[in-house]
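A.B. asks: Contents of final.txt (compact mmCIF, C-alpha atoms and all ligand atoms) are given next:
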# COMPACT_ATOMS: atom_id res chain seq x y z
CA MET A 1 79.10 178.77 50.11
CA LYS A 2 78.88 175.66 52.10
CA LYS A 3 78.91 172.53 50.12
CA ILE A 4 78.52 169.12 51.61
CA ILE A 5 78.97 165.96 49.68
CA LEU A 6 76.61 163.72 51.52
CA LEU A 7 77.12 160.43 49.82
CA VAL A 8 79.53 159.27 47.20
CA LEU A 9 78.51 155.70 46.86
CA SER A 10 75.24 154.51 45.57
CA ILE A 11 74.47 151.44 47.61
CA SER A 12 71.17 149.76 48.35
CA LEU A 13 68.13 151.64 47.21
CA ILE A 14 66.12 148.52 47.80
CA LEU A 15 66.73 145.50 49.96
CA GLY A 16 65.51 141.98 49.73
CA ILE A 17 63.72 140.46 52.63
CA THR A 18 64.49 136.81 52.56
CA GLY A 19 62.02 134.91 54.67
CA CYS A 20 62.65 131.61 56.38
CA SER A 21 61.44 129.40 53.56
CA ASN A 22 64.92 128.99 52.06
CA LYS A 23 66.37 127.97 55.42
CA GLU A 24 66.96 124.30 54.56
CA ILE A 25 69.86 125.53 52.45
CA THR A 26 72.13 128.25 53.76
CA PRO A 27 72.85 130.58 50.87
CA VAL A 28 76.37 131.40 49.88
CA SER A 29 76.47 135.15 50.49
CA ARG A 30 79.12 137.45 49.11
CA GLU A 31 79.59 141.19 48.86
CA THR A 32 81.84 142.74 46.27
CA PHE A 33 82.53 146.28 45.09
CA ALA A 34 82.20 147.08 41.40
CA LEU A 35 80.39 149.58 39.15
CA GLY A 36 80.89 152.19 41.90
CA THR A 37 78.62 150.30 44.27
CA ILE A 38 78.34 147.32 46.61
CA ILE A 39 77.02 144.18 44.97
CA ASP A 40 75.43 141.61 47.22
CA PHE A 41 74.94 137.96 46.16
CA LYS A 42 72.89 135.24 47.80
CA VAL A 43 73.02 131.96 45.91
CA TYR A 44 71.08 128.91 47.12
CA ASP A 45 72.64 125.59 46.18
CA LYS A 46 73.24 122.38 48.09
CA ASP A 47 76.83 122.39 46.89
CA GLN A 48 78.44 125.45 48.52
CA ASP A 49 81.65 125.11 46.49
CA ARG A 50 79.65 125.21 43.30
CA ALA A 51 77.68 128.26 44.47
CA ASN A 52 80.98 129.99 45.29
CA LYS A 53 82.35 129.20 41.85
CA VAL A 54 79.20 130.58 40.23
CA ILE A 55 79.61 133.83 42.19
CA ASP A 56 83.28 133.98 41.10
CA GLU A 57 82.14 133.63 37.51
CA CYS A 58 79.53 136.39 37.95
CA ILE A 59 82.14 138.76 39.43
CA LYS A 60 84.50 138.06 36.54
CA ARG A 61 81.68 138.84 34.12
CA ILE A 62 80.86 142.10 35.98
CA LYS A 63 84.49 143.27 35.82
CA ASP A 64 84.61 142.43 32.13
CA ILE A 65 81.48 144.54 31.43
CA GLU A 66 82.74 147.38 33.65
CA GLN A 67 86.01 147.47 31.70
CA LYS A 68 84.05 148.14 28.50
CA LEU A 69 81.27 150.44 29.70
CA SER A 70 82.72 152.62 32.46
CA VAL A 71 83.30 156.33 31.96
CA ASN A 72 85.67 156.12 34.93
CA ILE A 73 88.13 153.79 33.17
CA GLU A 74 90.63 155.56 30.91
CA ASP A 75 90.76 152.87 28.22
CA SER A 76 87.18 151.59 28.31
CA GLU A 77 85.31 151.43 25.03
CA VAL A 78 82.95 154.18 26.18
CA THR A 79 85.82 156.49 27.19
CA THR A 80 87.50 155.83 23.84
CA VAL A 81 84.29 156.73 21.98
CA ASN A 82 84.07 159.94 24.04
CA LYS A 83 87.70 160.92 23.50
CA ASN A 84 87.20 160.53 19.77
CA ALA A 85 83.99 162.57 19.57
CA GLY A 86 83.97 164.67 16.39
CA LYS A 87 87.11 162.88 15.18
CA GLN A 88 86.54 159.25 14.28
CA SER A 89 84.27 156.28 14.75
CA ILE A 90 85.39 153.64 17.24
CA LYS A 91 85.01 149.89 17.01
CA VAL A 92 83.15 148.48 19.99
CA SER A 93 82.13 145.07 21.31
CA ASP A 94 78.66 143.63 20.70
CA GLU A 95 77.73 144.34 24.29
CA THR A 96 78.69 148.03 24.25
CA MET A 97 76.70 148.33 21.03
CA TYR A 98 73.70 146.54 22.58
CA VAL A 99 73.61 148.71 25.72
CA ALA A 100 74.16 151.94 23.75
CA LYS A 101 71.37 150.96 21.35
CA LYS A 102 68.99 150.36 24.23
CA SER A 103 69.92 153.75 25.68
CA LEU A 104 69.19 155.33 22.28
CA GLU A 105 65.78 153.64 22.25
CA TYR A 106 64.87 155.23 25.60
CA SER A 107 66.33 158.57 24.47
CA ASN A 108 63.78 158.46 21.64
CA ILE A 109 60.89 157.37 23.88
CA THR A 110 61.51 160.22 26.35
CA LYS A 111 62.28 162.76 23.61
CA GLY A 112 65.78 163.26 24.93
CA LYS A 113 65.08 163.69 28.65
CA PHE A 114 66.76 160.33 29.15
CA ASN A 115 69.76 160.80 26.93
CA LEU A 116 72.56 158.57 25.68
CA THR A 117 74.74 161.65 25.16
CA VAL A 118 74.27 163.13 28.65
CA TYR A 119 77.92 162.60 29.68
CA PRO A 120 79.12 166.26 29.43
CA LEU A 121 76.30 167.30 31.79
CA VAL A 122 77.02 164.46 34.26
CA ASN A 123 80.68 165.48 34.18
CA LEU A 124 79.89 169.18 34.68
CA TRP A 125 77.79 168.58 37.82
CA GLY A 126 80.20 165.92 39.14
CA ILE A 127 77.53 164.50 41.47
CA GLY A 128 78.89 161.57 43.44
CA THR A 129 82.45 162.90 43.13
CA GLU A 130 84.37 165.30 45.32
CA ASN A 131 84.08 167.92 42.55
CA ALA A 132 80.28 168.16 42.80
CA ARG A 133 79.08 171.76 42.43
CA VAL A 134 76.23 173.83 41.03
CA PRO A 135 77.43 175.04 37.63
CA SER A 136 76.65 178.52 36.32
CA GLN A 137 73.74 178.96 33.92
CA SER A 138 76.15 179.75 31.08
CA GLU A 139 78.16 176.59 31.77
CA ILE A 140 74.95 174.56 31.66
CA GLU A 141 73.85 176.19 28.43
CA GLY A 142 77.29 175.60 26.92
CA VAL A 143 77.09 171.93 27.75
CA ILE A 144 73.49 171.15 26.80
CA ARG A 145 74.13 172.56 23.35
CA ASN A 146 76.33 169.51 22.84
CA ILE A 147 73.76 167.01 24.08
CA ASP A 148 71.88 165.41 21.22
CA TYR A 149 71.32 161.68 21.02
CA LYS A 150 70.71 162.06 17.27
CA ASP A 151 74.43 162.86 16.98
CA ALA A 152 75.32 159.36 18.16
CA VAL A 153 75.86 157.16 15.11
CA LEU A 154 75.62 153.50 16.01
CA ASP A 155 76.66 151.39 13.03
CA GLU A 156 75.70 147.83 13.84
CA ALA A 157 77.13 146.37 10.63
CA LYS A 158 80.55 147.93 11.18
CA LYS A 159 80.22 147.69 14.98
CA THR A 160 81.27 151.27 15.48
CA ILE A 161 80.04 154.26 17.47
CA TYR A 162 80.68 157.81 16.33
CA LEU A 163 79.75 161.10 17.96
CA LYS A 164 79.37 163.84 15.39
CA ARG A 165 80.70 166.75 17.43
CA GLU A 166 83.68 167.37 19.69
CA ASN A 167 82.87 167.69 23.40
CA GLN A 168 80.06 165.16 23.10
CA GLY A 169 80.04 162.00 25.20
CA ILE A 170 77.93 158.98 26.02
CA ASP A 171 77.09 157.74 29.53
CA LEU A 172 75.54 154.33 30.21
CA GLY A 173 75.31 154.73 34.01
CA ALA A 174 71.50 154.78 33.97
CA ILE A 175 71.18 151.47 32.19
CA ALA A 176 74.34 149.35 32.55
CA LYS A 177 73.68 147.91 36.02
CA GLY A 178 70.42 146.50 34.68
CA TYR A 179 72.32 144.91 31.81
CA VAL A 180 74.79 143.43 34.28
CA GLY A 181 71.83 141.89 36.16
CA ASP A 182 70.68 140.22 32.93
CA GLU A 183 74.16 138.84 32.29
CA ILE A 184 74.38 137.45 35.85
CA LYS A 185 71.07 135.73 35.22
CA LYS A 186 72.61 134.01 32.19
CA VAL A 187 75.42 132.69 34.39
CA PHE A 188 72.82 131.30 36.84
CA ILE A 189 70.91 129.63 34.01
CA GLN A 190 74.08 128.10 32.52
CA ASN A 191 74.96 126.68 35.94
CA ASP A 192 71.46 125.43 36.71
CA ILE A 193 71.12 127.52 39.88
CA LYS A 194 67.71 126.99 41.47
CA SER A 195 67.30 130.21 43.44
CA ALA A 196 69.33 133.38 43.96
CA PHE A 197 69.08 137.01 44.87
CA VAL A 198 71.44 139.79 43.75
CA ASN A 199 71.39 143.46 44.74
CA LEU A 200 73.52 145.73 42.54
CA GLY A 201 73.21 149.03 44.41
CA GLY A 202 69.47 149.43 43.96
CA ASN A 203 69.09 147.04 41.05
CA VAL A 204 67.66 143.85 42.50
CA MET A 205 67.56 140.63 40.53
CA ALA A 206 65.30 138.04 42.16
CA TYR A 207 66.22 134.86 40.31
CA LYS A 208 63.45 132.29 40.05
CA ALA A 209 61.39 131.79 43.23
CA LYS A 210 62.55 130.79 46.70
CA LEU A 211 63.37 127.12 47.06
CA ASP A 212 59.92 126.32 48.46
CA ALA A 213 58.42 127.97 45.35
CA SER A 214 57.14 130.98 47.34
CA LYS A 215 57.82 134.48 46.02
CA TRP A 216 60.59 136.82 47.10
CA ARG A 217 59.38 139.69 49.24
CA ILE A 218 61.28 142.83 48.29
CA GLY A 219 61.23 145.92 50.49
CA ILE A 220 60.95 149.21 48.63
CA GLN A 221 63.24 151.69 50.39
CA ASN A 222 61.63 154.62 52.20
CA PRO A 223 63.27 157.53 50.30
CA LEU A 224 63.02 159.75 53.40
CA GLN A 225 64.60 157.36 55.91
CA PRO A 226 67.95 155.61 56.36
CA ARG A 227 68.69 152.52 54.34
CA GLY A 228 66.76 149.41 55.29
CA GLN A 229 63.48 151.16 56.14
CA TYR A 230 60.68 150.41 53.72
CA ILE A 231 57.50 152.02 52.51
CA GLY A 232 56.12 148.70 51.36
CA ILE A 233 56.76 145.24 50.03
CA VAL A 234 56.42 143.76 46.59
CA SER A 235 56.21 139.98 46.06
CA VAL A 236 57.91 138.71 42.93
CA GLU A 237 59.60 135.80 41.25
CA ASP A 238 62.09 135.94 38.40
CA LYS A 239 62.04 139.70 38.13
CA SER A 240 64.32 142.70 38.22
CA ILE A 241 63.26 145.43 40.61
CA VAL A 242 65.11 148.64 39.90
CA THR A 243 64.76 151.90 41.81
CA SER A 244 65.92 155.40 40.92
CA GLY A 245 65.80 158.07 43.59
CA ASN A 246 67.09 161.42 44.78
CA TYR A 247 68.39 160.09 48.10
CA GLU A 248 71.59 158.11 47.46
CA ARG A 249 73.74 160.21 45.15
CA TYR A 250 73.38 163.92 45.81
CA PHE A 251 74.94 166.93 47.45
CA GLU A 252 73.45 169.92 49.23
CA GLN A 253 74.32 173.55 48.76
CA ASP A 254 72.60 176.47 50.49
CA GLY A 255 69.97 174.10 51.85
CA LYS A 256 69.03 172.75 48.43
CA ARG A 257 69.47 169.17 47.30
CA TYR A 258 71.00 168.41 43.89
CA HIS A 259 70.70 164.76 42.85
CA HIS A 260 72.25 162.78 40.00
CA ILE A 261 69.33 162.23 37.61
CA LEU A 262 69.76 165.16 35.27
CA ASP A 263 67.13 166.38 32.87
CA ALA A 264 69.13 166.55 29.66
CA THR A 265 66.79 169.18 28.22
CA SER A 266 66.93 171.68 31.12
CA GLY A 267 70.41 170.76 32.37
CA TYR A 268 69.24 170.53 36.01
CA PRO A 269 68.35 167.60 38.29
CA ALA A 270 64.92 166.19 37.39
CA ASN A 271 62.27 168.03 39.31
CA LYS A 272 58.91 166.42 38.58
CA GLY A 273 57.77 165.98 42.17
CA LEU A 274 58.99 162.39 42.45
CA ILE A 275 61.50 161.14 45.01
CA SER A 276 61.65 157.53 43.90
CA THR A 277 60.52 155.34 41.03
CA SER A 278 60.74 151.55 40.94
CA ILE A 279 60.21 149.30 37.93
CA ILE A 280 59.38 145.62 38.15
CA THR A 281 59.84 143.54 35.03
CA GLU A 282 61.76 140.57 33.72
CA SER A 283 64.49 142.41 31.83
CA GLY A 284 67.04 144.23 34.00
CA ILE A 285 68.20 146.57 31.25
CA ASP A 286 64.66 147.74 30.54
CA ALA A 287 63.90 148.06 34.26
CA ASP A 288 67.00 150.23 34.78
CA ALA A 289 66.35 152.43 31.73
CA LEU A 290 62.69 152.81 32.63
CA SER A 291 63.24 153.66 36.31
CA THR A 292 65.45 156.59 35.28
CA SER A 293 63.15 157.50 32.37
CA VAL A 294 59.95 157.73 34.42
CA TYR A 295 61.80 159.66 37.13
CA LEU A 296 62.62 162.17 34.38
CA ILE A 297 59.23 162.37 32.67
CA GLY A 298 57.18 162.46 35.88
CA LEU A 299 54.14 160.72 37.34
CA GLU A 300 51.46 161.26 34.71
CA GLU A 301 53.51 160.52 31.63
CA GLY A 302 55.33 157.81 33.55
CA ILE A 303 52.16 155.89 34.43
CA GLU A 304 50.97 156.25 30.85
CA LEU A 305 54.25 154.89 29.51
CA ILE A 306 54.38 151.92 31.87
CA GLU A 307 50.71 151.01 31.35
CA SER A 308 51.39 150.93 27.60
CA LEU A 309 54.09 148.27 28.08
CA ASP A 310 53.39 144.58 28.49
CA LYS A 311 54.52 142.90 31.75
CA VAL A 312 56.12 146.05 33.16
CA GLU A 313 54.95 147.53 36.47
CA ALA A 314 55.99 150.59 38.46
CA ILE A 315 55.84 152.19 41.90
CA PHE A 316 56.07 155.98 42.12
CA VAL A 317 56.71 157.89 45.35
CA THR A 318 56.05 161.64 45.32
CA LYS A 319 57.63 164.27 47.53
CA ASP A 320 54.18 164.63 49.18
CA LYS A 321 54.48 161.02 50.41
CA GLU A 322 51.97 159.65 47.98
CA VAL A 323 52.47 156.23 46.45
CA TYR A 324 51.11 155.29 43.04
CA THR A 325 51.38 151.87 41.42
CA THR A 326 50.47 150.56 37.99
CA SER A 327 47.48 148.25 37.57
CA GLY A 328 49.40 144.96 37.54
CA LEU A 329 50.70 145.50 41.09
CA LYS A 330 47.32 145.57 42.83
CA ASP A 331 47.76 142.10 44.33
CA SER A 332 51.51 142.02 44.78
CA PHE A 333 52.35 145.39 46.38
CA GLU A 334 51.56 146.10 49.99
CA LEU A 335 52.08 149.55 51.53
CA THR A 336 53.38 149.02 55.05
CA ASN A 337 54.33 152.54 56.15
CA GLU A 338 51.40 154.59 57.38
CA GLU A 339 53.14 157.90 56.78
CA PHE A 340 52.62 157.33 53.07
CA THR A 341 49.25 157.42 51.30
CA TYR A 342 48.38 154.77 48.75
CA LYS A 343 46.62 156.61 45.95
CA ASN A 344 45.44 153.66 43.86
P1 LIG B 401 70.00 155.59 37.71
O1 LIG B 401 68.74 156.37 37.86
O2 LIG B 401 69.86 154.28 37.04
O3 LIG B 401 71.01 156.41 36.81
C1 LIG B 401 71.51 157.69 37.11
C2 LIG B 401 72.80 157.85 36.41
O4 LIG B 401 72.56 157.90 35.01
C3 LIG B 401 73.58 159.09 36.74
O5 LIG B 401 74.46 158.89 37.80
C4 LIG B 401 74.28 159.38 35.43
O6 LIG B 401 75.44 158.59 35.31
C5 LIG B 401 73.29 158.93 34.40
N1 LIG B 401 72.31 159.97 34.01
C6 LIG B 401 71.97 161.12 34.65
N2 LIG B 401 71.04 161.79 33.96
C7 LIG B 401 70.76 161.04 32.86
C8 LIG B 401 69.89 161.23 31.74
N3 LIG B 401 69.12 162.32 31.60
N4 LIG B 401 69.88 160.27 30.78
C9 LIG B 401 70.66 159.16 30.88
N5 LIG B 401 71.50 158.95 31.89
C10 LIG B 401 71.55 159.87 32.88
N6 LIG B 401 80.38 155.19 40.42
C11 LIG B 401 81.47 155.64 41.05
O7 LIG B 401 81.36 156.41 41.98
N7 LIG B 401 82.72 155.23 40.69
C12 LIG B 401 82.90 154.38 39.65
O8 LIG B 401 84.04 154.02 39.36
C13 LIG B 401 81.75 153.91 38.93
N8 LIG B 401 81.89 153.06 37.87
C14 LIG B 401 80.78 152.63 37.22
C15 LIG B 401 80.93 151.78 36.10
C16 LIG B 401 79.82 151.33 35.40
C17 LIG B 401 80.01 150.45 34.20
C18 LIG B 401 78.50 151.69 35.86
C19 LIG B 401 77.26 151.20 35.15
C20 LIG B 401 78.36 152.52 36.95
C21 LIG B 401 79.46 153.01 37.63
N9 LIG B 401 79.34 153.86 38.72
C22 LIG B 401 80.47 154.34 39.36
C23 LIG B 401 78.01 154.24 39.23
C24 LIG B 401 77.36 155.30 38.36
O9 LIG B 401 78.13 156.44 38.35
C25 LIG B 401 75.98 155.65 38.80
O10 LIG B 401 75.94 156.08 40.13
C26 LIG B 401 75.05 154.56 38.72
O11 LIG B 401 75.19 153.84 37.54
C27 LIG B 401 73.67 155.17 38.82
O12 LIG B 401 72.79 154.16 39.04
P2 LIG B 401 71.51 154.38 39.90
O13 LIG B 401 70.82 153.08 39.87
O14 LIG B 401 71.84 155.00 41.19
O15 LIG B 401 70.69 155.53 39.11
MG MG B 402 68.38 153.48 35.76
Show me the file's structure as structure tokens.
Ligand code: FAD
Ligand code: MG

C.D. replies:
Amino acid sequence: MKKIILLVLSISLILGITGCSNKEITPVSRETFALGTIIDFKVYDKDQDRANKVIDECIKRIKDIEQKLSVNIEDSEVTTVNKNAGKQSIKVSDETMYVAKKSLEYSNITKGKFNLTVYPLVNLWGIGTENARVPSQSEIEGVIRNIDYKDAVLDEAKKTIYLKRENQGIDLGAIAKGYVGDEIKKVFIQNDIKSAFVNLGGNVMAYKAKLDASKWRIGIQNPLQPRGQYIGIVSVEDKSIVTSGNYERYFEQDGKRYHHILDATSGYPANKGLISTSIITESGIDADALSTSVYLIGLEEGIELIESLDKVEAIFVTKDKEVYTTSGLKDSFELTNEEFTYKN
């Protein structure tokens, strides 16, 4: 069987289009690699040294969060929780607790399709690693038996996390980049930055407006074309724009694509007819959790969920090249690619 790993890195699912209105000040731009992806900063400040120092501080903060939350780091708090599944509860930092609690919230909302305890399934498929493969049905069944977010005991008073059964594990990959975006925003606020733009591999944080007070224009990646080609543009200020899709982290076997957003109830990649979902809202952690959640629950339930939330908007792209947006995006989203049909 021929197996091709097409892409290991998840890079830009969305790109910012910075117009000329910030041109009076050249941004300090920097690219760094963390959280398994490329992170791209543009910070606008008259004092370039200061902007550079702020980026340094952001990168330090990112590494600090990665050290706690990564399943790829042997002694991270998350790995330690997973190694001790069924054995003992593990003391964690406030931030690991906060992110895990948020993940639990979305596990409840989606009735376990989005799932804090999805790690054994992510590990079994290995998507994004050189061990990616289609597991056997019995392997999948063996693993999903162990997936139950109700088995994750988060004790906020004691600051511990405990997984009730051996072979269970938590994974914060669907939510942690959004949290990192929120923490970067705090660094910008503390340093009185006036305007900035950060892309964390598909999680965009458009900080404040552009310097001339106009909105950022963010291109939504065409899921069927190479990076940098858009289906449309959304105009925003002070928002996170987070996209989940089937086109960055996947492999193909026997002509079939297997992507990394796994339905924790079926054990297979989500297959609800969507190829990309984008969430636009102020909070990065909610945007990240919701983009993965609506990808998993599908168009109808997804629109219903987003419309029920205040100040949260979404863009859905189906495999039939149809684009749906929630009601709050009517004036700020513009479909620019004629191959796609705007259904609203
Ligand atoms: P999203 O849609 O936001 O999330 C998809 C990811 O969520 C999957 O990759 C999986 O991890 C998880 N997931 C899948 N199904 C479910 C489900 N049903 N419920 C909940 N979660 C689910 N990548 C590397 O290659 N090497 C690294 O060393 C590495 N380190 C990382 C460290 C941290 C702290 C983080 C946050 C990410 C890291 N990554 C790394 C990237 C990570 O593996 C994912 O690719 C990335 O977080 C997925 O983000 P996304 O925006 O593409 O997709
Ligand atoms: Mg996500």

A.B. asks: Using all atoms listed in the file, what are the residues with an atom within 10 Å of ligand MG 402 (chain B), set out as a ChimeraX atom specification?

C.D. replies: /A:114,172-178,202-203,242-245,261,277-279,284-295

A.B. asks: Please, what distance in Å, to one decimal, runs between atom CA of A:Glu338 and atom CA of A:Lys210?

C.D. replies: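 Computed distance, atom CA of A:Glu338 to atom CA of A:Lys210, equals 28.4 Å.
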
A.B. asks: Hey, can you check how far atom CA of A:Glu74 sits from atom CA of A:Pro269?

C.D. replies: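 Spanning atom CA of A:Glu74 to atom CA of A:Pro269 is a straight-line distance of 26.4 Å.
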
A.B. asks: Record the distance separating atom CA of A:Glu57 and atom CA of A:Lys208, expressed in Å with one decimal.

C.D. replies: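 Computing it gives 18.9 Å between the two atoms.
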
A.B. asks: Around the point (64.7, 139.0, 40.9) (coordinates from the file), which residues reach within 6 Å if we count all atoms listed in the file? Answer as a list in words.

C.D. replies: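 In the file's frame, the residues around the point are Val204, Met205, Ala206, Tyr207, Asp238, Lys239 and Ser240 of chain A.
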
A.B. asks: Of the candidates A:Asp331, A:Asp254, A:Glu304, A:Asp94, which one gets nearest to A:Arg133 if we count only C-alpha atoms?

C.D. replies: A:Asp254

A.B. asks: Could you check the closest approach to ligand LIG 401 (chain B) for each of A:Asn337, A:Thr117, A:Gln137, A:Ser93 and tell me which residue wins, using all atoms listed in the file?

C.D. replies: A:Thr117
